[in-house]
$ cat target-v1.pdb   # PDB, C-alpha atoms (C1' of nucleotides)
ATOM      1  CA  MET A  52      10.110 -19.978 -30.903
ATOM      2  CA  GLY A  53       7.253 -19.225 -33.277
ATOM      3  CA  ARG A  54       6.942 -20.576 -36.774
ATOM      4  CA  LYS A  55      10.055 -21.055 -38.823
ATOM      5  CA  ASP A  56      11.805 -18.503 -40.931
ATOM      6  CA  THR A  57       8.954 -16.756 -42.720
ATOM      7  CA  SER A  58      10.631 -13.389 -42.812
ATOM      8  CA  ALA A  59      11.496 -13.577 -46.483
ATOM      9  CA  ILE A  60       8.020 -14.650 -47.594
ATOM     10  CA  PRO A  61       5.855 -11.892 -49.090
ATOM     11  CA  SER A  62       2.914 -10.984 -46.882
ATOM     12  CA  GLN A  63       0.232 -12.290 -49.237
ATOM     13  CA  HIS A  64       1.515 -15.821 -48.674
ATOM     14  CA  PHE A  65       0.451 -15.642 -45.042
ATOM     15  CA  ALA A  66      -3.190 -15.614 -46.126
ATOM     16  CA  SER A  67      -2.907 -19.220 -47.294
ATOM     17  CA  CYS A  68      -1.720 -20.440 -43.900
ATOM     18  CA  ASP A  69      -4.169 -22.366 -41.743
ATOM     19  CA  MET A  70      -4.377 -19.510 -39.312
ATOM     20  CA  PRO A  71      -5.323 -16.161 -40.802
ATOM     21  CA  ASN A  72      -2.781 -13.461 -40.115
ATOM     22  CA  LYS A  73      -4.781 -11.332 -37.721
ATOM     23  CA  ILE A  74      -1.789  -9.194 -36.920
ATOM     24  CA  LEU A  75      -1.624  -8.110 -40.545
ATOM     25  CA  GLU A  76      -5.399  -7.694 -40.765
ATOM     26  CA  ILE A  77      -5.445  -5.410 -37.761
ATOM     27  CA  HIS A  78      -2.849  -3.177 -39.349
ATOM     28  CA  HIS A  79      -4.880  -2.892 -42.555
ATOM     29  CA  ALA A  80      -8.045  -2.075 -40.616
ATOM     30  CA  LEU A  81      -6.287   0.517 -38.479
ATOM     31  CA  PHE A  82      -4.604   2.167 -41.433
ATOM     32  CA  ALA A  83      -7.876   2.267 -43.338
ATOM     33  CA  HIS A  84      -9.630   3.806 -40.350
ATOM     34  CA  PHE A  85      -7.066   6.281 -39.036
ATOM     35  CA  GLY A  86      -4.682   6.867 -41.936
ATOM     36  CA  PRO A  87      -0.965   7.561 -41.512
ATOM     37  CA  GLN A  88       0.129   8.835 -38.084
ATOM     38  CA  HIS A  89       3.450  10.440 -39.085
ATOM     39  CA  TRP A  90       5.384   9.329 -36.029
ATOM     40  CA  TRP A  91       7.541  10.014 -34.047
ATOM     41  CA  PRO A  92       6.732  13.684 -33.310
ATOM     42  CA  GLY A  93      10.144  15.363 -33.102
ATOM     43  CA  ASP A  94      12.513  17.389 -35.266
ATOM     44  CA  SER A  95      15.673  15.306 -34.859
ATOM     45  CA  PRO A  96      16.853  11.863 -33.767
ATOM     46  CA  PHE A  97      18.185  13.450 -30.590
ATOM     47  CA  GLU A  98      14.827  14.977 -29.756
ATOM     48  CA  VAL A  99      13.124  11.654 -30.432
ATOM     49  CA  MET A 100      15.562   9.878 -28.131
ATOM     50  CA  VAL A 101      14.958  12.372 -25.321
ATOM     51  CA  GLY A 102      11.220  12.056 -25.849
ATOM     52  CA  ALA A 103      11.454   8.275 -25.610
ATOM     53  CA  VAL A 104      12.748   8.570 -22.048
ATOM     54  CA  LEU A 105      10.406  11.382 -21.047
ATOM     55  CA  THR A 106       7.282   9.585 -22.230
ATOM     56  CA  GLN A 107       7.736   6.608 -19.914
ATOM     57  CA  ASN A 108       4.315   6.034 -18.351
ATOM     58  CA  THR A 109       3.402   9.625 -19.183
ATOM     59  CA  ASN A 110       0.934  11.451 -21.407
ATOM     60  CA  TRP A 111       2.585  12.926 -24.497
ATOM     61  CA  THR A 112       1.137  16.400 -23.929
ATOM     62  CA  ASN A 113       3.161  16.633 -20.723
ATOM     63  CA  VAL A 114       6.269  15.399 -22.495
ATOM     64  CA  SER A 115       5.720  17.963 -25.213
ATOM     65  CA  ARG A 116       5.814  20.750 -22.625
ATOM     66  CA  ALA A 117       9.044  19.434 -21.178
ATOM     67  CA  ILE A 118      10.618  19.318 -24.628
ATOM     68  CA  SER A 119       9.395  22.858 -25.322
ATOM     69  CA  ASN A 120      11.163  23.994 -22.148
ATOM     70  CA  LEU A 121      14.387  22.433 -23.371
ATOM     71  CA  LYS A 122      13.997  24.062 -26.780
ATOM     72  CA  GLU A 123      13.240  27.484 -25.355
ATOM     73  CA  ALA A 124      16.342  27.222 -23.177
ATOM     74  CA  ASP A 125      18.237  26.203 -26.328
ATOM     75  CA  LEU A 126      19.460  23.048 -24.587
ATOM     76  CA  LEU A 127      18.114  20.360 -26.904
ATOM     77  CA  SER A 128      21.432  19.169 -28.256
ATOM     78  CA  PHE A 129      23.727  16.424 -27.068
ATOM     79  CA  ASN A 130      26.560  18.612 -25.797
ATOM     80  CA  LYS A 131      24.369  21.157 -24.038
ATOM     81  CA  LEU A 132      22.193  18.580 -22.342
ATOM     82  CA  HIS A 133      25.175  16.463 -21.371
ATOM     83  CA  ALA A 134      26.837  19.501 -19.775
ATOM     84  CA  LEU A 135      23.723  20.401 -17.781
ATOM     85  CA  ASP A 136      23.555  19.160 -14.209
ATOM     86  CA  ALA A 137      20.774  16.783 -13.241
ATOM     87  CA  GLY A 138      19.066  19.278 -10.922
ATOM     88  CA  ALA A 139      18.699  21.936 -13.618
ATOM     89  CA  LEU A 140      17.540  19.294 -16.078
ATOM     90  CA  ALA A 141      14.940  18.013 -13.620
ATOM     91  CA  ASP A 142      13.591  21.525 -13.245
ATOM     92  CA  LEU A 143      13.174  21.931 -17.011
ATOM     93  CA  ILE A 144      11.450  18.590 -17.555
ATOM     94  CA  ARG A 145       9.138  18.946 -14.558
ATOM     95  CA  PRO A 146       5.914  18.880 -16.647
ATOM     96  CA  ALA A 147       6.761  15.352 -17.834
ATOM     97  CA  GLY A 148       6.399  13.974 -14.316
ATOM     98  CA  TYR A 149       8.887  11.717 -12.473
ATOM     99  CA  TYR A 150      11.270  14.551 -13.200
ATOM    100  CA  ASN A 151      14.067  13.582 -10.797
ATOM    101  CA  LEU A 152      13.955  10.006 -12.019
ATOM    102  CA  LYS A 153      13.905  10.990 -15.681
ATOM    103  CA  ALA A 154      16.670  13.572 -15.297
ATOM    104  CA  GLY A 155      18.866  10.801 -13.900
ATOM    105  CA  ARG A 156      17.844   8.401 -16.654
ATOM    106  CA  LEU A 157      18.585  10.936 -19.372
ATOM    107  CA  LYS A 158      21.962  11.653 -17.820
ATOM    108  CA  ASN A 159      22.700   7.920 -17.701
ATOM    109  CA  LEU A 160      21.914   7.648 -21.400
ATOM    110  CA  LEU A 161      23.936  10.720 -22.354
ATOM    111  CA  ASP A 162      26.878   9.567 -20.213
ATOM    112  CA  PHE A 163      26.766   6.204 -21.945
ATOM    113  CA  ILE A 164      26.766   7.765 -25.417
ATOM    114  CA  ALA A 165      29.542  10.185 -24.458
ATOM    115  CA  GLY A 166      31.641   7.413 -22.950
ATOM    116  CA  GLU A 167      31.183   4.761 -25.617
ATOM    117  CA  TYR A 168      30.564   6.802 -28.779
ATOM    118  CA  GLY A 169      32.096  10.206 -28.112
ATOM    119  CA  GLY A 170      28.631  11.732 -28.027
ATOM    120  CA  SER A 171      27.949  10.827 -31.661
ATOM    121  CA  LEU A 172      24.478   9.495 -32.409
ATOM    122  CA  THR A 173      25.708   8.592 -35.886
ATOM    123  CA  ASP A 174      28.315   6.311 -34.389
ATOM    124  CA  LEU A 175      25.844   4.973 -31.845
ATOM    125  CA  PHE A 176      23.255   4.142 -34.489
ATOM    126  CA  GLY A 177      25.923   2.723 -36.790
ATOM    127  CA  THR A 178      26.492  -0.120 -34.365
ATOM    128  CA  ASP A 179      25.279  -3.647 -35.134
ATOM    129  CA  LEU A 180      21.592  -3.736 -34.235
ATOM    130  CA  HIS A 181      21.576  -6.648 -31.826
ATOM    131  CA  SER A 182      24.614  -5.374 -29.992
ATOM    132  CA  LEU A 183      23.187  -1.844 -29.914
ATOM    133  CA  ARG A 184      19.954  -3.023 -28.318
ATOM    134  CA  GLU A 185      21.840  -4.993 -25.685
ATOM    135  CA  GLN A 186      23.997  -1.974 -24.911
ATOM    136  CA  LEU A 187      21.027   0.354 -24.551
ATOM    137  CA  LEU A 188      19.425  -2.100 -22.146
ATOM    138  CA  THR A 189      22.446  -1.894 -19.852
ATOM    139  CA  VAL A 190      21.779   1.819 -19.280
ATOM    140  CA  ARG A 191      19.880   2.300 -16.015
ATOM    141  CA  GLY A 192      16.469   3.680 -16.894
ATOM    142  CA  ILE A 193      16.375   2.277 -20.423
ATOM    143  CA  GLY A 194      14.075  -0.747 -20.591
ATOM    144  CA  PRO A 195      12.873  -2.705 -23.615
ATOM    145  CA  GLU A 196      10.230  -0.249 -24.785
ATOM    146  CA  THR A 197      12.439   2.814 -24.471
ATOM    147  CA  ALA A 198      15.340   1.044 -26.174
ATOM    148  CA  ASP A 199      13.113  -0.151 -29.012
ATOM    149  CA  SER A 200      11.495   3.272 -29.433
ATOM    150  CA  ILE A 201      14.948   4.793 -29.800
ATOM    151  CA  LEU A 202      15.966   2.089 -32.267
ATOM    152  CA  LEU A 203      12.857   2.402 -34.432
ATOM    153  CA  TYR A 204      11.997   6.082 -34.257
ATOM    154  CA  ALA A 205      15.374   7.743 -33.723
ATOM    155  CA  ALA A 206      17.699   5.275 -35.468
ATOM    156  CA  GLY A 207      15.295   3.990 -38.128
ATOM    157  CA  LYS A 208      16.013   0.342 -37.364
ATOM    158  CA  PRO A 209      13.496  -2.445 -38.050
ATOM    159  CA  VAL A 210      12.477  -3.057 -34.429
ATOM    160  CA  PHE A 211       8.840  -3.467 -33.415
ATOM    161  CA  VAL A 212       7.912  -1.436 -30.334
ATOM    162  CA  VAL A 213       5.599  -3.025 -27.778
ATOM    163  CA  ASP A 214       3.825  -0.948 -25.160
ATOM    164  CA  ALA A 215       0.962  -1.145 -22.676
ATOM    165  CA  TYR A 216      -1.596  -0.404 -25.402
ATOM    166  CA  THR A 217      -0.199  -3.146 -27.606
ATOM    167  CA  TYR A 218      -0.577  -5.667 -24.820
ATOM    168  CA  ARG A 219      -4.064  -4.521 -23.834
ATOM    169  CA  ILE A 220      -5.342  -4.528 -27.420
ATOM    170  CA  LEU A 221      -3.938  -7.978 -28.188
ATOM    171  CA  LEU A 222      -5.287  -9.282 -24.897
ATOM    172  CA  ARG A 223      -8.810  -8.066 -25.653
ATOM    173  CA  HIS A 224      -8.623  -9.817 -29.009
ATOM    174  CA  ASP A 225      -7.341 -13.011 -27.367
ATOM    175  CA  LEU A 226      -4.174 -12.872 -29.426
ATOM    176  CA  VAL A 227      -1.857 -13.128 -26.425
ATOM    177  CA  ALA A 228      -2.026 -14.754 -23.012
ATOM    178  CA  GLU A 229      -2.418 -12.557 -19.956
ATOM    179  CA  GLU A 230       1.003 -13.596 -18.712
ATOM    180  CA  ALA A 231       2.711 -12.772 -22.028
ATOM    181  CA  ARG A 232       5.748 -10.557 -21.629
ATOM    182  CA  TYR A 233       7.518  -8.053 -23.800
ATOM    183  CA  ASP A 234       9.734 -10.295 -25.915
ATOM    184  CA  GLU A 235       6.957 -12.757 -26.637
ATOM    185  CA  ILE A 236       4.574 -10.043 -27.806
ATOM    186  CA  GLN A 237       7.293  -8.493 -29.947
ATOM    187  CA  GLU A 238       7.973 -11.880 -31.521
ATOM    188  CA  LEU A 239       4.311 -12.241 -32.447
ATOM    189  CA  PHE A 240       4.593  -9.099 -34.583
ATOM    190  CA  THR A 241       7.974  -9.840 -36.109
ATOM    191  CA  ASP A 242       6.854 -13.389 -36.965
ATOM    192  CA  SER A 243       3.640 -12.113 -38.573
ATOM    193  CA  LEU A 244       4.913  -9.123 -40.528
ATOM    194  CA  PRO A 245       7.486  -8.461 -43.235
ATOM    195  CA  GLU A 246      10.522  -6.726 -41.768
ATOM    196  CA  ASP A 247       9.827  -3.135 -42.751
ATOM    197  CA  VAL A 248      10.744  -0.010 -40.809
ATOM    198  CA  GLN A 249       7.877   2.051 -42.192
ATOM    199  CA  LEU A 250       5.367  -0.698 -41.375
ATOM    200  CA  TYR A 251       6.681  -1.072 -37.833
ATOM    201  CA  ASN A 252       6.630   2.688 -37.385
ATOM    202  CA  GLU A 253       3.066   3.088 -38.586
ATOM    203  CA  TYR A 254       1.678   0.020 -36.863
ATOM    204  CA  HIS A 255       2.902   0.951 -33.410
ATOM    205  CA  ALA A 256       1.644   4.511 -33.837
ATOM    206  CA  LEU A 257      -1.735   3.177 -34.964
ATOM    207  CA  LEU A 258      -1.966   0.884 -31.939
ATOM    208  CA  VAL A 259      -1.350   3.847 -29.651
ATOM    209  CA  ARG A 260      -3.996   5.838 -31.515
ATOM    210  CA  LEU A 261      -6.467   2.969 -31.162
ATOM    211  CA  GLY A 262      -5.564   2.541 -27.510
ATOM    212  CA  LYS A 263      -6.099   6.193 -26.686
ATOM    213  CA  GLU A 264      -9.454   6.376 -28.409
ATOM    214  CA  TYR A 265     -10.952   2.932 -27.954
ATOM    215  CA  CYS A 266      -9.013   0.737 -25.573
ATOM    216  CA  LYS A 267      -8.445   2.565 -22.319
ATOM    217  CA  LYS A 268      -7.642   0.813 -19.078
ATOM    218  CA  ASN A 269     -10.566  -0.397 -16.962
ATOM    219  CA  ARG A 270     -13.005   0.070 -19.807
ATOM    220  CA  PRO A 271     -14.905  -2.758 -21.489
ATOM    221  CA  ALA A 272     -14.348  -3.579 -25.147
ATOM    222  CA  CYS A 273     -15.962  -0.931 -27.298
ATOM    223  CA  GLU A 274     -18.776  -1.581 -29.834
ATOM    224  CA  THR A 275     -17.433   0.943 -32.298
ATOM    225  CA  CYS A 276     -13.835  -0.268 -32.126
ATOM    226  CA  PRO A 277     -12.494  -0.247 -35.715
ATOM    227  CA  VAL A 278     -10.964  -3.701 -35.242
ATOM    228  CA  LYS A 279     -13.693  -5.338 -33.175
ATOM    229  CA  ASP A 280     -14.504  -7.933 -35.865
ATOM    230  CA  ILE A 281     -10.950  -9.170 -36.283
TER     231      ILE A 281
ATOM    232  C1'  DT Q 272     -12.528  13.816  -7.872
ATOM    233  C1'  DG Q 273      -9.944   9.903  -8.590
ATOM    234  C1'  DC Q 274      -7.997   7.571 -12.316
ATOM    235  C1'  DC Q 275      -5.040   7.527 -16.081
ATOM    236  C1'  DA Q 276      -0.906   8.352 -19.176
ATOM    237  C1'  DG Q 277       3.455   5.667 -25.341
ATOM    238  C1'  DG Q 278       7.931   2.263 -17.996
ATOM    239  C1'  DC Q 279      11.492   0.964 -15.200
ATOM    240  C1'  DC Q 280      14.012  -0.076 -11.035
ATOM    241  C1'  DG Q 281      15.098  -2.256  -6.596
ATOM    242  C1'  DG Q 282      13.936  -4.847  -2.690
ATOM    243  C1'  DG Q 283      11.446  -8.593  -0.876
ATOM    244  C1'  DT Q 284       9.671 -13.252  -1.443
TER     245       DT Q 284
ATOM    246  C1'  DA P  51      12.255 -15.727 -11.333
ATOM    247  C1'  DC P  52       8.308 -13.072 -10.195
ATOM    248  C1'  DC P  53       5.718  -9.351  -7.594
ATOM    249  C1'  DC P  54       5.017  -4.869  -5.964
ATOM    250  C1'  DG P  55       5.625  -0.038  -4.316
ATOM    251  C1'  DG P  56       7.611   4.131  -5.774
ATOM    252  C1'  DC P  57       8.187   7.754  -8.926
ATOM    253  C1'  DA P  58       4.839  12.958 -10.328
ATOM    254  C1'  DT P  59       2.644  16.167 -13.486
ATOM    255  C1'  DG P  60      -1.573  17.586 -15.948
ATOM    256  C1'  DG P  61      -6.257  16.322 -18.321
ATOM    257  C1'  DC P  62     -10.726  14.736 -18.020
TER     258       DC P  62
END

$ encode --input "target-v1.pdb" --output "structure tokens"
Amino acid sequence: MGRKDTSAIPSQHFASCDMPNKILEIHHALFAHFGPQHWWPGDSPFEVMVGAVLTQNTNWTNVSRAISNLKEADLLSFNKLHALDAGALADLIRPAGYYNLKAGRLKNLLDFIAGEYGGSLTDLFGTDLHSLREQLLTVRGIGPETADSILLYAAGKPVFVVDAYTYRILLRHDLVAEEARYDEIQELFTDSLPEDVQLYNEYHALLVRLGKEYCKKNRPACETCPVKDI
DNA sequence: TGCCAGGCCGGGT
DNA sequence: ACCCGGCATGGC
């Protein structure tokens, strides 16, 4: 457990704590440097959900091609994709990599939504948040980041998304231990920030932007990093 | 050219 | 409870 219930306290009160709120400072610096990121790229909650699975450990440009294939085949809707067999789906999403794996994972997710919610994303997203997250995590192929991406970017729920960039950036700023895992890193953000969907949305997108441009794997910390002094 | 990208699972310790 | 190999395409 982190500090006690601070969720209702306005953010400016954090500045008077003994420890400066570096998590909040980093967001301000990133927003000032990069501006709004307008995430998640996608025209509908369904498209965002599909993209969340396809982007697992994969460059977005490849995912974008896979989604274009689905759009051109006019298959990017729940019923059409659910009716498609896994082999045909794998063929369409080939550019996203791990295509057999991801076809199976998408089918698992669609089967779950069809079975439990009659294929209705509205009903799915209308479920109690904690219960919804737990249910998504039972789907084979949906881990914490994919579940949280769906919750934040497709469902608009106040859930902070943690990814490899988030971990790497925090690690290089000594804000987390090397052995820190998903839930602990997520808690650091939710304990340090007001609960706000738009803030969570923007912050995660900004961390990815920073990661892509300044914090790549196997590269030393960068002198021109916009948050190097925080 | 090899390394990397917006993870997750399953089997082995 | 961890650790690790496997999964795969496209960009630089």

$ atom_distance --input "target-v1.pdb" --atom1 "CA of Ala117 (chain A)" --atom2 "CA of Leu257 (chain A)"
23.9 Å

$ interface_residues --input "target-v1.pdb" --of "chain P" --to "chain A" --cutoff "6 Å" --atoms "all atoms listed in the file" --output "NGL selection string"
:P and (57-59)

$ write_last_selection --input "target-v1.pdb" --atoms "C-alpha atoms (C1' of nucleotides)" --output "PDB file, in the frame of the given file"
ATOM      1  C1'  DC P  57       8.187   7.754  -8.926  1.00  0.00           C
ATOM      2  C1'  DA P  58       4.839  12.958 -10.328  1.00  0.00           C
ATOM      3  C1'  DT P  59       2.644  16.167 -13.486  1.00  0.00           C
TER       4       DT P  59
END

$ residues_around --input "target-v1.pdb" --residues "region 272-277 of chain Q" --least-positions-apart "5" --cutoff "7 Å" --atoms "only C-alpha atoms (C1' of nucleotides)" --output "list in words"
Thr106, Gln107, Asn108, Thr109, Asn110, Asp214 and Val259 of chain A

$ interface_residues --input "target-v1.pdb" --of "chain A" --to "chain Q" --cutoff "10 Å" --atoms "all atoms listed in the file" --output "PyMOL selection string"
chain A and resi 103-113+152+156+191-197+200+212-217+255-256+258-260+262-263+267-269

$ write_last_selection --input "target-v1.pdb" --atoms "C-alpha atoms" --output "PDB file, in the coordinates of the input"
ATOM      1  CA  ALA A 103      11.454   8.275 -25.610  1.00  0.00           C
ATOM      2  CA  VAL A 104      12.748   8.570 -22.048  1.00  0.00           C
ATOM      3  CA  LEU A 105      10.406  11.382 -21.047  1.00  0.00           C
ATOM      4  CA  THR A 106       7.282   9.585 -22.230  1.00  0.00           C
ATOM      5  CA  GLN A 107       7.736   6.608 -19.914  1.00  0.00           C
ATOM      6  CA  ASN A 108       4.315   6.034 -18.351  1.00  0.00           C
ATOM      7  CA  THR A 109       3.402   9.625 -19.183  1.00  0.00           C
ATOM      8  CA  ASN A 110       0.934  11.451 -21.407  1.00  0.00           C
ATOM      9  CA  TRP A 111       2.585  12.926 -24.497  1.00  0.00           C
ATOM     10  CA  THR A 112       1.137  16.400 -23.929  1.00  0.00           C
ATOM     11  CA  ASN A 113       3.161  16.633 -20.723  1.00  0.00           C
ATOM     12  CA  LEU A 152      13.955  10.006 -12.019  1.00  0.00           C
ATOM     13  CA  ARG A 156      17.844   8.401 -16.654  1.00  0.00           C
ATOM     14  CA  ARG A 191      19.880   2.300 -16.015  1.00  0.00           C
ATOM     15  CA  GLY A 192      16.469   3.680 -16.894  1.00  0.00           C
ATOM     16  CA  ILE A 193      16.375   2.277 -20.423  1.00  0.00           C
ATOM     17  CA  GLY A 194      14.075  -0.747 -20.591  1.00  0.00           C
ATOM     18  CA  PRO A 195      12.873  -2.705 -23.615  1.00  0.00           C
ATOM     19  CA  GLU A 196      10.230  -0.249 -24.785  1.00  0.00           C
ATOM     20  CA  THR A 197      12.439   2.814 -24.471  1.00  0.00           C
ATOM     21  CA  SER A 200      11.495   3.272 -29.433  1.00  0.00           C
ATOM     22  CA  VAL A 212       7.912  -1.436 -30.334  1.00  0.00           C
ATOM     23  CA  VAL A 213       5.599  -3.025 -27.778  1.00  0.00           C
ATOM     24  CA  ASP A 214       3.825  -0.948 -25.160  1.00  0.00           C
ATOM     25  CA  ALA A 215       0.962  -1.145 -22.676  1.00  0.00           C
ATOM     26  CA  TYR A 216      -1.596  -0.404 -25.402  1.00  0.00           C
ATOM     27  CA  THR A 217      -0.199  -3.146 -27.606  1.00  0.00           C
ATOM     28  CA  HIS A 255       2.902   0.951 -33.410  1.00  0.00           C
ATOM     29  CA  ALA A 256       1.644   4.511 -33.837  1.00  0.00           C
ATOM     30  CA  LEU A 258      -1.966   0.884 -31.939  1.00  0.00           C
ATOM     31  CA  VAL A 259      -1.350   3.847 -29.651  1.00  0.00           C
ATOM     32  CA  ARG A 260      -3.996   5.838 -31.515  1.00  0.00           C
ATOM     33  CA  GLY A 262      -5.564   2.541 -27.510  1.00  0.00           C
ATOM     34  CA  LYS A 263      -6.099   6.193 -26.686  1.00  0.00           C
ATOM     35  CA  LYS A 267      -8.445   2.565 -22.319  1.00  0.00           C
ATOM     36  CA  LYS A 268      -7.642   0.813 -19.078  1.00  0.00           C
ATOM     37  CA  ASN A 269     -10.566  -0.397 -16.962  1.00  0.00           C
TER      38      ASN A 269
END

$ atom_distance --input "target-v1.pdb" --atom1 "CA of Cys273 (chain A)" --atom2 "CA of Leu226 (chain A)"
16.9 Å

$ atom_distance --input "target-v1.pdb" --atom1 "CA of Val99 (chain A)" --atom2 "CA of Ala205 (chain A)"
5.6 Å

$ residues_around --input "target-v1.pdb" --residues "Ser95 (chain A)" --least-positions-apart "3" --cutoff "12 Å" --atoms "all atoms listed in the file" --output "list of chain:residue names"
A:Trp90, A:Trp91, A:Pro92, A:Glu98, A:Val99, A:Met100, A:Val101, A:Gly102, A:Leu127, A:Ser128, A:Phe129, A:Leu172, A:Ile201, A:Tyr204, A:Ala205, A:Ala206, A:Gly207

$ closest_residue --input "target-v1.pdb" --among "A:Leu175, A:Leu250, A:Leu244, A:Ile236" --to "Leu221 (chain A)" --atoms "all atoms listed in the file"
A:Ile236

$ build_atoms --input "target-v1.pdb" --residues "region 93-109 of chain A" --atoms "N, CA and C atoms" --output "PDB file, in the coordinates of the input"
ATOM      1  N   GLY A  93       8.806  14.931 -33.527  1.00  0.00           N
ATOM      2  CA  GLY A  93      10.144  15.363 -33.102  1.00  0.00           C
ATOM      3  C   GLY A  93      10.940  15.790 -34.305  1.00  0.00           C
ATOM      4  N   ASP A  94      11.795  16.800 -34.139  1.00  0.00           N
ATOM      5  CA  ASP A  94      12.513  17.389 -35.266  1.00  0.00           C
ATOM      6  C   ASP A  94      13.858  16.740 -35.556  1.00  0.00           C
ATOM      7  N   SER A  95      14.342  15.904 -34.658  1.00  0.00           N
ATOM      8  CA  SER A  95      15.673  15.306 -34.859  1.00  0.00           C
ATOM      9  C   SER A  95      15.749  13.992 -34.105  1.00  0.00           C
ATOM     10  N   PRO A  96      16.666  13.121 -34.509  1.00  0.00           N
ATOM     11  CA  PRO A  96      16.853  11.863 -33.767  1.00  0.00           C
ATOM     12  C   PRO A  96      17.138  12.116 -32.283  1.00  0.00           C
ATOM     13  N   PHE A  97      17.876  13.162 -31.997  1.00  0.00           N
ATOM     14  CA  PHE A  97      18.185  13.450 -30.590  1.00  0.00           C
ATOM     15  C   PHE A  97      16.914  13.792 -29.809  1.00  0.00           C
ATOM     16  N   GLU A  98      16.092  14.616 -30.407  1.00  0.00           N
ATOM     17  CA  GLU A  98      14.827  14.977 -29.756  1.00  0.00           C
ATOM     18  C   GLU A  98      13.939  13.743 -29.553  1.00  0.00           C
ATOM     19  N   VAL A  99      13.918  12.875 -30.544  1.00  0.00           N
ATOM     20  CA  VAL A  99      13.124  11.654 -30.432  1.00  0.00           C
ATOM     21  C   VAL A  99      13.651  10.776 -29.290  1.00  0.00           C
ATOM     22  N   MET A 100      14.947  10.687 -29.189  1.00  0.00           N
ATOM     23  CA  MET A 100      15.562   9.878 -28.131  1.00  0.00           C
ATOM     24  C   MET A 100      15.221  10.429 -26.746  1.00  0.00           C
ATOM     25  N   VAL A 101      15.313  11.733 -26.597  1.00  0.00           N
ATOM     26  CA  VAL A 101      14.958  12.372 -25.321  1.00  0.00           C
ATOM     27  C   VAL A 101      13.479  12.123 -25.015  1.00  0.00           C
ATOM     28  N   GLY A 102      12.651  12.282 -26.022  1.00  0.00           N
ATOM     29  CA  GLY A 102      11.220  12.056 -25.849  1.00  0.00           C
ATOM     30  C   GLY A 102      10.904  10.628 -25.440  1.00  0.00           C
ATOM     31  N   ALA A 103      11.683   9.684 -25.932  1.00  0.00           N
ATOM     32  CA  ALA A 103      11.454   8.275 -25.610  1.00  0.00           C
ATOM     33  C   ALA A 103      11.626   8.018 -24.115  1.00  0.00           C
ATOM     34  N   VAL A 104      12.562   8.708 -23.500  1.00  0.00           N
ATOM     35  CA  VAL A 104      12.748   8.570 -22.048  1.00  0.00           C
ATOM     36  C   VAL A 104      11.652   9.332 -21.305  1.00  0.00           C
ATOM     37  N   LEU A 105      11.372  10.542 -21.768  1.00  0.00           N
ATOM     38  CA  LEU A 105      10.406  11.382 -21.047  1.00  0.00           C
ATOM     39  C   LEU A 105       8.996  10.816 -21.075  1.00  0.00           C
ATOM     40  N   THR A 106       8.655  10.059 -22.090  1.00  0.00           N
ATOM     41  CA  THR A 106       7.282   9.585 -22.230  1.00  0.00           C
ATOM     42  C   THR A 106       7.005   8.296 -21.459  1.00  0.00           C
ATOM     43  N   GLN A 107       7.971   7.822 -20.710  1.00  0.00           N
ATOM     44  CA  GLN A 107       7.736   6.608 -19.914  1.00  0.00           C
ATOM     45  C   GLN A 107       6.545   6.794 -18.976  1.00  0.00           C
ATOM     46  N   ASN A 108       5.533   6.007 -19.184  1.00  0.00           N
ATOM     47  CA  ASN A 108       4.315   6.034 -18.351  1.00  0.00           C
ATOM     48  C   ASN A 108       3.737   7.447 -18.198  1.00  0.00           C
ATOM     49  N   THR A 109       3.799   8.216 -19.258  1.00  0.00           N
ATOM     50  CA  THR A 109       3.402   9.625 -19.183  1.00  0.00           C
ATOM     51  C   THR A 109       2.712  10.072 -20.465  1.00  0.00           C
TER      52      THR A 109
END
